[in-house]
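Taking it in order: structure first as structure tokens, then the write-up.
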Amino acid sequence: MYAQAFFVAVFGLAAIGFGVVVFRTSSMVRSALALLFSQTAVGCMFLAMQTEFLGVLQIMMMATEMSIMAIFMVMFMMDPGGLGGMDMSHQKRFSIGAGVSAAAVAIAVALLSDWGPVAEQVADAEAQTRALGMELLGRSMMIFETAGITILTAMIAATAVAIPVQNLASKDDKEASE
Amino acid sequence: MTPDPTLTITGARQKRPSLLQKLVSRALARNLSCLVVPGPEVALAHGLDVTAAGMRITATPRDAGVLLIVGELSEKMSDAVAVLYAQMPRPRAILMLGGQTPSSLPDADICAGLSQAELIDAADRLKHALAEGAFTDSTEDFDASVLHTRIEYVCPMHPEVVEDEPGSCPKCGMDLVAHEAGDSASEHEHEHEHEHDHEHHHDHESESESESESESESEPEAHHYGHEHHEHEHGHDHEHHSHHDHQQDHEQEHDHEHHQDDGHDQDHGDEQQQGHAHEKAGTEYTCPMHPEIIQHEPGSCPKCGMDLVARDDGEDEDTGEGASGHGHDHEHHHDHEHQHDESDDHSEHEQSGHDHGGHDHSGHDHGEHDHGGSGFMSMIEVTKDLPRSADGLQMDWLEVPFGPVFSGLPGGLKLTLTLDGDGVTEGQATSLVGMTTEGKEDEAMDADTFIEHLSTAMPLAPVSYRLLACRAIEQAAGLEDDPEISRAREVALERERIGSHLGWLAQLGRQLGFAWLAQRASTLQLEIRDANRDRIAALEPAFRTLGTRLERTPLLKSRLKGIGVLPSESSDLRGPVARAVKEGGDAWARLWQRLTEISASLDLIKSGGEPELPVLRDIGDVSGTGEATVDTPRGEARLSLKLERGKVKSYQLDTACRHHIDLVAKLAEGQELGDALLAVGSLDLSPWEVIS
Amino acid sequence: MTVAIVLLALLGGAWLLAVIEGWVTTGRLRPGAPMLSGLAYLGRESIVPRSPDRVFFEAAPVLLLVVAVLGAAVLPLAPDLIIADLGTGALFVNAALAYVLVALIMAGWGPDGAYAMIGGWRFLGQLIAYSMLIVMPITAVAMRAESLVNTAIVGSQTSLWNIVYQPLGFVLFIIAAMALAFRSPFDLPTAEGELAGGVDAEYTGVRLAVLRLARLMLVVTLASAATVFYLGGWHGPLLPPWAWSLIKTLAVAVLMLLAGRYLPRIREADLMRWCWTLGIPLALLNIIIVGVLILVVP
């Protein structure tokens, strides 16, 4: 029990620490990977809290997602290596305000809500996974399927929107040259 | 206990020799990894089997413990090799085969001649030296003039700011960033820093004029808006597609309500500044990041604390020609962002460009609000001024040297590719080992010396050039063709053709990571190098299996098909490259052309006689002019020379590679990196045969 | 104890692979060569290139090593010879291996060299091609076992190995595993003839030794995963369970190692196209076939 609390705290602090690094560095790649490790630490928190599937999933998904973010940063940002000592933070006043208030709300919710009795026994990982699968493909199937299809549609639509831009441009070229 | 000084290698590592060190030394000696200079294909052409001598060939100097130099190096090459040597981790040794150690390097630890027996012996001696003297108390630092590079400091935002010392930019107060100055001849494959931004600024600043010209033909939207925005006011029609393009971009990026404007929103930063300039003459101080901050006195920006920059009127570098690089455009992106980020600070906006700059311009305003809506730095904004490559993505460009010692390319060839991501936007090939003279006028050369000179200058095809020289001299001397001799010579030439094509196959194998091919072709090349007629005939089945194996290899066809296509009308093509044009003119066709030529040469050898190296017949003290042509493995080579009393007075040489090297730029452009290298490799360039 | 055994098995596997690799390239069987070359690497200078991203440069080889070990930690050698028999073992293998990408990006970005950087980002492009081909075959395997627990997956193959039950999945998984281990012909990030070693290019001395070891161990881990998922894990007659696991793992590893010798490096664009237009439909087909089999065959 105490060990568990200890690990949750350690990973939580690690998550916060990496989160701070995201804004304290001037290199885009470092920033992206710091965000990745912050998310990984959150995944480890899940693991420490005995929600194995969610933890592993979080750890797995973030690796690819943040890496892809990193390459976009490198491709499109000027000075991705942070050689010019760019400051990553913007809108300081607003973001400090937002951060503090969000933290206050989160702490308030944590302290004020009624979490019910402490569970003595947690189902083991296999049972949890099974329960999660039953949930995903049972009661909540429509929600998840709809969400999945929507995301897929959005991705295809985004690609479709992106392609004609080039085609139009080249068509214009042709017209101009004729 | 200092080790015997004779048994300390020049590149020893500084560490007190101890028991552990001794053990490690033994391990080092048993594990020789060498970087072959100019390249493994030259070693093979000399009949050297480095692997059989117990050494591993590495692709990078970082992984090598031995610098194996095969033959004399040209001056340019020596400089490049000095850089390579400096990059090798200590303990490192130099093994010099055939020739003098270049002056740019420390003296070779072991010198030997150009033969396999001597190589094996040298490798053994080197192992001994390494085992004994890999570690020593005192080492000498390796230092060469080519290693010294001048470091200059540039501002990431203002490429025109170049200082000799670190500090901050006088314009924007940013810290200057160290940057290697200039391109020295020593530039080596690993010598680069990817300071994307600066390189980019540098490149395009100096070339912005020509760049935009060349791009305007293919990609109108790739213009540098920073320079172009004047045109927006006058020539809407000219810029039609770019507006269109950007409008689309903006629609995608931000869901903004103001897109009825015709795309001008990108430029309002400039316009603001102009607007100001026209209204308020005299010296003004403005923030480089926040152009809306305008004060009449020097000071710091109330928003970001940067020092304000003085300007006389609106005609500062923003509106000037050329001088305004992309840095300024980036500033404007910043300014969009900052304006909106701190939009609660309206007091400052009162007297600033926000109002009149933003809203009063007829027809094309609102830009700021669009960006304000997102609150982020738009990637399209940031990249709109970068040049676009073939795939339409805008990225920083990187100029990367490949070679002159690069595992995928013939040694001595330096390929400079401008990369954006994994794509090549521009390629340029130069030879660091090519013959530099077209025949010196003043000093006449003995005919035999000339033949030696020519054949050693072309290590990848010595027999062909020996034959060429012999023929030209004999013709100049007026000697009749002796059918017996010329047939023996012809056979030797065909044997070299087979060897050369096998060398190319091995090179292809190395480039493609096709280890089996590299190994098989090298073995065959070594076997055929000095083989007699019977031996060559005995090897025929091996060649046939090689052909069928290549035909059956999965992925090979899809890898080579359509790579490096040369149009059939291209002139200046010679040899296998020209003959392959009919079959499609791509790398796959060239591979099969060479395999066909191997079997054709085999047939010729079988019907011919014993191969015999061309030796000059006695010519006496004759004078005259002669011209000869030989179909070398890489294509036709022509030599015309003037003989004066048995000495070669002057000569002129024309080779296939000299023409083929000009194809590189076209073949590399717009290709993916791997494809570009493959296309260049498929030409089978011999940098030695490139005459400058 | 289990930890030590698994680590030893990993190291031993890496050693054996190195010996075989040396045998194939030089034609000489030298069992001591890997140790010697490791020692030689220790003796070399370990150079830090100019202006590196030091954190990435140092962390990358270690991260790669850790990833390989973590992946191996959830794969059983024998019914009770497993470091952690996680409830989500099959997924965890995936999660650990996803960090190969992170390690390579770090190794590519860290040394401040163009070859390394291109190599690192190339691996990201490669991942987009093959990652689905890792996940989807594992899905079909988990469907048959009705569990993500790796020991249960082996247990489900008692009567019939998955290589027979779903051969399509096996082929796809091996191809994707080779791409993930960036072995030839998928060695785009290291590509000797194109990038002079790519992500490896700037590493020397001890760091290079760690990197090389990590790469070999990654191959062993992936081969072990293929064994657990498709080759019936420890099942086999006569020999003790752990021996079967080792034999099968090494056989797969050698297959992965040697296949590349006889193939030219694949084009990135081709890899992407084939994986998406051919690989993913086949993987879906595999899932459907397995689903039908599970429902129809009792």
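Each chain in the structure tokens gets a letter, A, B, ..., in the order shown, and its residues are numbered from 1; ligands are numbered from 1 in order too.
Every protein or nucleic acid residue with an atom no more than 6 Å from Pro189 in chain C, counting only C-alpha atoms and leaving out same-chain residues fewer than 6 positions away, appears here: Gly119, Gly120, Arg122, Phe123 and Gly198 of chain C.
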Residue hits in chain C, query chain A, radius 10 Å, only C-alpha atoms, as an mmCIF file with all heavy atoms, in the first residue's frame:
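So part25.cif came out as:
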```
data_model
loop_
_atom_site.group_PDB
_atom_site.id
_atom_site.type_symbol
_atom_site.label_atom_id
_atom_site.label_comp_id
_atom_site.auth_asym_id
_atom_site.auth_seq_id
_atom_site.Cartn_x
_atom_site.Cartn_y
_atom_site.Cartn_z
ATOM 1 N N ASP C 53 23.589 16.959 -28.806
ATOM 2 C CA ASP C 53 22.571 17.038 -27.771
ATOM 3 C C ASP C 53 22.957 15.945 -26.787
ATOM 4 O O ASP C 53 22.606 14.784 -26.951
ATOM 5 C CB ASP C 53 21.189 16.794 -28.367
ATOM 6 C CG ASP C 53 20.100 17.190 -27.413
ATOM 7 O OD1 ASP C 53 20.299 16.971 -26.201
ATOM 8 O OD2 ASP C 53 19.080 17.731 -27.846
ATOM 9 N N VAL C 55 22.347 14.816 -23.835
ATOM 10 C CA VAL C 55 21.410 13.920 -23.141
ATOM 11 C C VAL C 55 20.961 12.806 -24.075
ATOM 12 O O VAL C 55 20.997 11.622 -23.736
ATOM 13 C CB VAL C 55 20.187 14.714 -22.644
ATOM 14 C CG1 VAL C 55 19.212 13.791 -21.961
ATOM 15 C CG2 VAL C 55 20.634 15.814 -21.712
ATOM 16 N N PHE C 56 20.553 13.192 -25.283
ATOM 17 C CA PHE C 56 20.075 12.193 -26.241
ATOM 18 C C PHE C 56 21.206 11.259 -26.633
ATOM 19 O O PHE C 56 21.024 10.056 -26.747
ATOM 20 C CB PHE C 56 19.530 12.875 -27.497
ATOM 21 C CG PHE C 56 18.218 13.551 -27.286
ATOM 22 C CD1 PHE C 56 17.601 14.227 -28.312
ATOM 23 C CD2 PHE C 56 17.581 13.503 -26.056
ATOM 24 C CE1 PHE C 56 16.385 14.842 -28.135
ATOM 25 C CE2 PHE C 56 16.368 14.123 -25.862
ATOM 26 C CZ PHE C 56 15.773 14.798 -26.907
ATOM 27 N N LEU C 86 2.859 -10.657 -17.122
ATOM 28 C CA LEU C 86 1.866 -9.588 -17.011
ATOM 29 C C LEU C 86 0.525 -10.024 -17.581
ATOM 30 O O LEU C 86 0.458 -10.860 -18.483
ATOM 31 C CB LEU C 86 2.343 -8.354 -17.774
ATOM 32 C CG LEU C 86 3.510 -7.568 -17.179
ATOM 33 C CD1 LEU C 86 3.733 -6.324 -18.004
ATOM 34 C CD2 LEU C 86 3.216 -7.201 -15.743
ATOM 35 N N GLY C 87 -0.516 -9.411 -17.048
ATOM 36 C CA GLY C 87 -1.848 -9.670 -17.570
ATOM 37 C C GLY C 87 -2.026 -9.123 -18.973
ATOM 38 O O GLY C 87 -2.930 -9.499 -19.706
ATOM 39 N N THR C 88 -1.154 -8.185 -19.339
ATOM 40 C CA THR C 88 -1.242 -7.602 -20.674
ATOM 41 C C THR C 88 0.071 -7.834 -21.410
ATOM 42 O O THR C 88 0.539 -6.967 -22.145
ATOM 43 C CB THR C 88 -1.512 -6.101 -20.584
ATOM 44 O OG1 THR C 88 -0.535 -5.553 -19.701
ATOM 45 C CG2 THR C 88 -2.877 -5.800 -20.044
ATOM 46 N N GLY C 89 0.659 -8.999 -21.204
ATOM 47 C CA GLY C 89 1.999 -9.275 -21.729
ATOM 48 C C GLY C 89 2.174 -8.981 -23.205
ATOM 49 O O GLY C 89 3.127 -8.316 -23.602
ATOM 50 N N LEU C 91 0.585 -7.050 -25.152
ATOM 51 C CA LEU C 91 0.551 -5.610 -25.415
ATOM 52 C C LEU C 91 1.822 -4.943 -24.912
ATOM 53 O O LEU C 91 2.348 -4.015 -25.527
ATOM 54 C CB LEU C 91 -0.672 -4.998 -24.726
ATOM 55 C CG LEU C 91 -1.025 -3.571 -25.119
ATOM 56 C CD1 LEU C 91 -1.505 -3.522 -26.547
ATOM 57 C CD2 LEU C 91 -2.069 -2.996 -24.195
ATOM 58 N N PHE C 92 2.321 -5.453 -23.785
ATOM 59 C CA PHE C 92 3.515 -4.847 -23.194
ATOM 60 C C PHE C 92 4.718 -4.992 -24.123
ATOM 61 O O PHE C 92 5.546 -4.085 -24.222
ATOM 62 C CB PHE C 92 3.807 -5.478 -21.830
ATOM 63 C CG PHE C 92 4.919 -4.795 -21.094
ATOM 64 C CD1 PHE C 92 4.662 -3.705 -20.287
ATOM 65 C CD2 PHE C 92 6.229 -5.220 -21.231
ATOM 66 C CE1 PHE C 92 5.681 -3.055 -19.622
ATOM 67 C CE2 PHE C 92 7.266 -4.579 -20.576
ATOM 68 C CZ PHE C 92 6.984 -3.494 -19.771
ATOM 69 N N VAL C 93 4.821 -6.139 -24.806
ATOM 70 C CA VAL C 93 5.915 -6.324 -25.768
ATOM 71 C C VAL C 93 5.895 -5.184 -26.775
ATOM 72 O O VAL C 93 6.906 -4.540 -27.064
ATOM 73 C CB VAL C 93 5.764 -7.681 -26.491
ATOM 74 C CG1 VAL C 93 6.794 -7.823 -27.582
ATOM 75 C CG2 VAL C 93 5.891 -8.809 -25.502
ATOM 76 N N ASN C 94 4.685 -4.929 -27.269
ATOM 77 C CA ASN C 94 4.496 -3.814 -28.189
ATOM 78 C C ASN C 94 4.941 -2.492 -27.620
ATOM 79 O O ASN C 94 5.626 -1.710 -28.267
ATOM 80 C CB ASN C 94 3.005 -3.677 -28.446
ATOM 81 C CG ASN C 94 2.651 -4.161 -29.790
ATOM 82 O OD1 ASN C 94 3.348 -3.825 -30.729
ATOM 83 N ND2 ASN C 94 1.634 -4.959 -29.880
ATOM 84 N N ALA C 95 4.476 -2.234 -26.398
ATOM 85 C CA ALA C 95 4.754 -0.948 -25.771
ATOM 86 C C ALA C 95 6.251 -0.764 -25.594
ATOM 87 O O ALA C 95 6.797 0.297 -25.881
ATOM 88 C CB ALA C 95 4.055 -0.863 -24.419
ATOM 89 N N ALA C 96 6.935 -1.829 -25.152
ATOM 90 C CA ALA C 96 8.378 -1.711 -24.959
ATOM 91 C C ALA C 96 9.062 -1.458 -26.291
ATOM 92 O O ALA C 96 9.922 -0.582 -26.414
ATOM 93 C CB ALA C 96 8.922 -2.984 -24.312
ATOM 94 N N LEU C 97 8.640 -2.199 -27.318
ATOM 95 C CA LEU C 97 9.325 -2.079 -28.600
ATOM 96 C C LEU C 97 9.050 -0.740 -29.277
ATOM 97 O O LEU C 97 9.812 -0.311 -30.138
ATOM 98 C CB LEU C 97 8.933 -3.242 -29.505
ATOM 99 C CG LEU C 97 9.407 -4.605 -28.978
ATOM 100 C CD1 LEU C 97 8.954 -5.709 -29.884
ATOM 101 C CD2 LEU C 97 10.914 -4.628 -28.842
ATOM 102 N N ALA C 98 7.963 -0.078 -28.885
ATOM 103 C CA ALA C 98 7.695 1.238 -29.460
ATOM 104 C C ALA C 98 8.832 2.197 -29.122
ATOM 105 O O ALA C 98 9.080 3.160 -29.846
ATOM 106 C CB ALA C 98 6.375 1.781 -28.943
ATOM 107 N N TYR C 99 9.553 1.906 -28.038
ATOM 108 C CA TYR C 99 10.616 2.825 -27.623
ATOM 109 C C TYR C 99 11.905 2.611 -28.395
ATOM 110 O O TYR C 99 12.849 3.378 -28.233
ATOM 111 C CB TYR C 99 10.814 2.747 -26.111
ATOM 112 C CG TYR C 99 9.705 3.485 -25.421
ATOM 113 C CD1 TYR C 99 8.459 2.916 -25.269
ATOM 114 C CD2 TYR C 99 9.878 4.796 -25.004
ATOM 115 C CE1 TYR C 99 7.417 3.603 -24.716
ATOM 116 C CE2 TYR C 99 8.838 5.500 -24.444
ATOM 117 C CZ TYR C 99 7.612 4.895 -24.295
ATOM 118 O OH TYR C 99 6.580 5.600 -23.769
ATOM 119 N N VAL C 100 11.935 1.572 -29.234
ATOM 120 C CA VAL C 100 13.055 1.461 -30.171
ATOM 121 C C VAL C 100 13.086 2.714 -31.034
ATOM 122 O O VAL C 100 14.133 3.312 -31.292
ATOM 123 C CB VAL C 100 12.902 0.203 -31.056
ATOM 124 C CG1 VAL C 100 13.955 0.186 -32.134
ATOM 125 C CG2 VAL C 100 12.990 -1.045 -30.216
ATOM 126 N N LEU C 101 11.898 3.119 -31.445
ATOM 127 C CA LEU C 101 11.783 4.325 -32.262
ATOM 128 C C LEU C 101 12.330 5.534 -31.519
ATOM 129 O O LEU C 101 13.101 6.323 -32.073
ATOM 130 C CB LEU C 101 10.313 4.540 -32.621
ATOM 131 C CG LEU C 101 9.974 5.901 -33.207
ATOM 132 C CD1 LEU C 101 10.574 6.042 -34.583
ATOM 133 C CD2 LEU C 101 8.482 6.103 -33.266
ATOM 134 N N VAL C 102 11.923 5.659 -30.256
ATOM 135 C CA VAL C 102 12.374 6.815 -29.481
ATOM 136 C C VAL C 102 13.906 6.790 -29.363
ATOM 137 O O VAL C 102 14.573 7.815 -29.539
ATOM 138 C CB VAL C 102 11.712 6.816 -28.092
ATOM 139 C CG1 VAL C 102 12.186 8.001 -27.282
ATOM 140 C CG2 VAL C 102 10.211 6.843 -28.237
ATOM 141 N N ILE C 105 15.440 7.860 -32.646
ATOM 142 C CA ILE C 105 15.318 9.302 -32.898
ATOM 143 C C ILE C 105 16.342 10.051 -32.057
ATOM 144 O O ILE C 105 16.991 10.984 -32.512
ATOM 145 C CB ILE C 105 13.887 9.778 -32.601
ATOM 146 C CG1 ILE C 105 12.958 9.267 -33.691
ATOM 147 C CG2 ILE C 105 13.824 11.290 -32.522
ATOM 148 C CD1 ILE C 105 11.529 9.659 -33.500
ATOM 149 N N MET C 106 16.506 9.605 -30.813
ATOM 150 C CA MET C 106 17.500 10.249 -29.949
ATOM 151 C C MET C 106 18.907 10.042 -30.499
ATOM 152 O O MET C 106 19.717 10.966 -30.548
ATOM 153 C CB MET C 106 17.398 9.684 -28.531
ATOM 154 C CG MET C 106 16.189 10.196 -27.772
ATOM 155 S SD MET C 106 15.783 9.133 -26.391
ATOM 156 C CE MET C 106 16.634 9.908 -25.090
ATOM 157 N N TRP C 109 19.257 12.313 -33.542
ATOM 158 C CA TRP C 109 19.293 13.747 -33.295
ATOM 159 C C TRP C 109 20.515 14.128 -32.470
ATOM 160 O O TRP C 109 21.106 15.190 -32.670
ATOM 161 C CB TRP C 109 18.020 14.176 -32.572
ATOM 162 C CG TRP C 109 17.917 15.640 -32.385
ATOM 163 C CD1 TRP C 109 18.187 16.328 -31.241
ATOM 164 C CD2 TRP C 109 17.545 16.610 -33.358
ATOM 165 N NE1 TRP C 109 18.005 17.659 -31.449
ATOM 166 C CE2 TRP C 109 17.611 17.873 -32.740
ATOM 167 C CE3 TRP C 109 17.167 16.548 -34.701
ATOM 168 C CZ2 TRP C 109 17.313 19.050 -33.413
ATOM 169 C CZ3 TRP C 109 16.865 17.722 -35.360
ATOM 170 C CH2 TRP C 109 16.940 18.944 -34.728
ATOM 171 N N GLY C 110 20.873 13.272 -31.546
ATOM 172 C CA GLY C 110 21.898 13.615 -30.572
ATOM 173 C C GLY C 110 23.237 14.054 -31.127
ATOM 174 O O GLY C 110 23.752 15.085 -30.714
ATOM 175 N N ASP C 112 24.346 15.463 -33.731
ATOM 176 C CA ASP C 112 24.499 16.638 -34.576
ATOM 177 C C ASP C 112 25.219 16.293 -35.878
ATOM 178 O O ASP C 112 26.228 16.887 -36.232
ATOM 179 C CB ASP C 112 25.258 17.743 -33.830
ATOM 180 C CG ASP C 112 25.274 19.027 -34.627
ATOM 181 O OD1 ASP C 112 24.347 19.227 -35.410
ATOM 182 O OD2 ASP C 112 26.222 19.815 -34.465
ATOM 183 N N GLY C 120 17.715 8.594 -38.266
ATOM 184 C CA GLY C 120 16.732 8.568 -37.186
ATOM 185 C C GLY C 120 15.330 8.847 -37.693
ATOM 186 O O GLY C 120 14.388 8.126 -37.381
ATOM 187 N N TRP C 121 15.215 9.860 -38.507
ATOM 188 C CA TRP C 121 13.866 10.196 -38.996
ATOM 189 C C TRP C 121 13.374 9.158 -39.984
ATOM 190 O O TRP C 121 12.179 8.915 -40.089
ATOM 191 C CB TRP C 121 13.851 11.587 -39.642
ATOM 192 C CG TRP C 121 14.121 12.684 -38.669
ATOM 193 C CD1 TRP C 121 15.056 13.663 -38.803
ATOM 194 C CD2 TRP C 121 13.464 12.945 -37.417
ATOM 195 N NE1 TRP C 121 15.032 14.497 -37.713
ATOM 196 C CE2 TRP C 121 14.066 14.089 -36.855
ATOM 197 C CE3 TRP C 121 12.436 12.325 -36.717
ATOM 198 C CZ2 TRP C 121 13.679 14.612 -35.627
ATOM 199 C CZ3 TRP C 121 12.052 12.847 -35.496
ATOM 200 C CH2 TRP C 121 12.665 13.973 -34.965
ATOM 201 N N LEU C 124 11.442 6.569 -38.297
ATOM 202 C CA LEU C 124 10.069 6.972 -37.995
ATOM 203 C C LEU C 124 9.175 6.684 -39.196
ATOM 204 O O LEU C 124 8.073 6.149 -39.045
ATOM 205 C CB LEU C 124 10.028 8.457 -37.626
ATOM 206 C CG LEU C 124 8.652 9.037 -37.337
ATOM 207 C CD1 LEU C 124 8.027 8.357 -36.153
ATOM 208 C CD2 LEU C 124 8.738 10.518 -37.089
ATOM 209 N N GLY C 125 9.674 7.024 -40.401
ATOM 210 C CA GLY C 125 8.903 6.731 -41.595
ATOM 211 C C GLY C 125 8.665 5.242 -41.741
ATOM 212 O O GLY C 125 7.586 4.789 -42.113
ATOM 213 N N LEU C 127 8.506 3.095 -39.315
ATOM 214 C CA LEU C 127 7.541 2.645 -38.313
ATOM 215 C C LEU C 127 6.123 2.789 -38.817
ATOM 216 O O LEU C 127 5.289 1.902 -38.626
ATOM 217 C CB LEU C 127 7.709 3.462 -37.028
ATOM 218 C CG LEU C 127 6.558 3.270 -36.045
ATOM 219 C CD1 LEU C 127 7.061 2.643 -34.780
ATOM 220 C CD2 LEU C 127 5.818 4.532 -35.749
ATOM 221 N N ILE C 128 5.880 3.901 -39.514
ATOM 222 C CA ILE C 128 4.526 4.116 -40.006
ATOM 223 C C ILE C 128 4.150 2.987 -40.957
ATOM 224 O O ILE C 128 2.996 2.595 -41.059
ATOM 225 C CB ILE C 128 4.437 5.502 -40.671
ATOM 226 C CG1 ILE C 128 4.607 6.566 -39.593
ATOM 227 C CG2 ILE C 128 3.128 5.693 -41.382
ATOM 228 C CD1 ILE C 128 4.849 7.938 -40.123
ATOM 229 N N SER C 131 4.319 -0.723 -38.302
ATOM 230 C CA SER C 131 3.805 -0.884 -36.940
ATOM 231 C C SER C 131 2.477 -1.626 -36.912
ATOM 232 O O SER C 131 2.231 -2.447 -36.037
ATOM 233 C CB SER C 131 3.676 0.477 -36.268
ATOM 234 O OG SER C 131 2.746 1.251 -36.970
ATOM 235 N N GLU C 146 -7.531 -16.090 -26.367
ATOM 236 C CA GLU C 146 -8.501 -15.361 -25.564
ATOM 237 C C GLU C 146 -7.833 -14.744 -24.345
ATOM 238 O O GLU C 146 -8.390 -14.700 -23.252
ATOM 239 C CB GLU C 146 -9.649 -16.273 -25.140
ATOM 240 C CG GLU C 146 -10.451 -16.770 -26.330
ATOM 241 C CD GLU C 146 -11.678 -17.538 -25.911
ATOM 242 O OE1 GLU C 146 -12.088 -17.398 -24.752
ATOM 243 O OE2 GLU C 146 -12.225 -18.266 -26.744
ATOM 244 N N SER C 147 -6.619 -14.292 -24.545
ATOM 245 C CA SER C 147 -5.886 -13.684 -23.427
ATOM 246 C C SER C 147 -4.693 -12.912 -23.975
ATOM 247 O O SER C 147 -4.197 -13.199 -25.069
ATOM 248 C CB SER C 147 -5.391 -14.768 -22.473
ATOM 249 O OG SER C 147 -4.519 -14.197 -21.533
ATOM 250 N N LEU C 148 -4.251 -11.914 -23.193
ATOM 251 C CA LEU C 148 -3.038 -11.191 -23.556
ATOM 252 C C LEU C 148 -1.850 -11.693 -22.739
ATOM 253 O O LEU C 148 -0.751 -11.186 -22.858
ATOM 254 C CB LEU C 148 -3.221 -9.688 -23.320
ATOM 255 C CG LEU C 148 -4.122 -8.945 -24.314
ATOM 256 C CD1 LEU C 148 -4.387 -7.536 -23.818
ATOM 257 C CD2 LEU C 148 -3.502 -8.907 -25.680
ATOM 258 N N VAL C 149 -2.116 -12.682 -21.874
ATOM 259 C CA VAL C 149 -1.043 -13.211 -21.043
ATOM 260 C C VAL C 149 -0.162 -14.120 -21.899
ATOM 261 O O VAL C 149 -0.660 -15.019 -22.577
ATOM 262 C CB VAL C 149 -1.622 -14.011 -19.864
ATOM 263 C CG1 VAL C 149 -0.497 -14.510 -18.973
ATOM 264 C CG2 VAL C 149 -2.572 -13.148 -19.075
#
```
Could you tell me which of C:Val74, C:Leu238, C:Ile47, C:Ala179 comes closest to Ile266 in chain C if we count only C-alpha atoms?
C:Ala179
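What separates CA of Thr249 in chain C from CA of Gly27 in chain C is a distance of 23.4 Å.
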Under the rule that only C-alpha atoms are counted, which of C:Ala18, C:Met143, C:Ala40, C:Ala107 is the nearest residue to Leu293 in chain C?
C:Met143
Find the residues of chain C in contact range of chain B, meaning any atom within 8 Å when counting only C-alpha atoms, and list them as an MDAnalysis selection string.
chainID C and resid 26 36:37 39:47 112:115 118 122 184:185 191:194 196:197 201:205 260:267
List the spatial neighbours of Lys666 in chain B as a list in words - criterion: any atom at most 12 Å away, only C-alpha atoms, same-chain residues fewer than 5 positions off excluded.
Leu417, Val424, Thr425, Glu426, Gly427, Gln428, Ala429, Gly564, Val565, Leu566, Pro567, Ser570, His660, Ile661, Gln671, Ala676, Ala679 and Val680 of chain B
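Among the candidates C:Val252, C:Leu258, C:Met272, C:Val210, the one nearest to Glu58 in chain C when counting only C-alpha atoms is C:Val210.
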All alpha helix (DSSP H) residues (DSSP, backbone) inside range 6-245 of chain C, as an NGL selection string:
:C and (6-26 or 33-43 or 54-73 or 89-109 or 114-145 or 150-155 or 162-165 or 167-180 or 192-195 or 205-230 or 241-245)
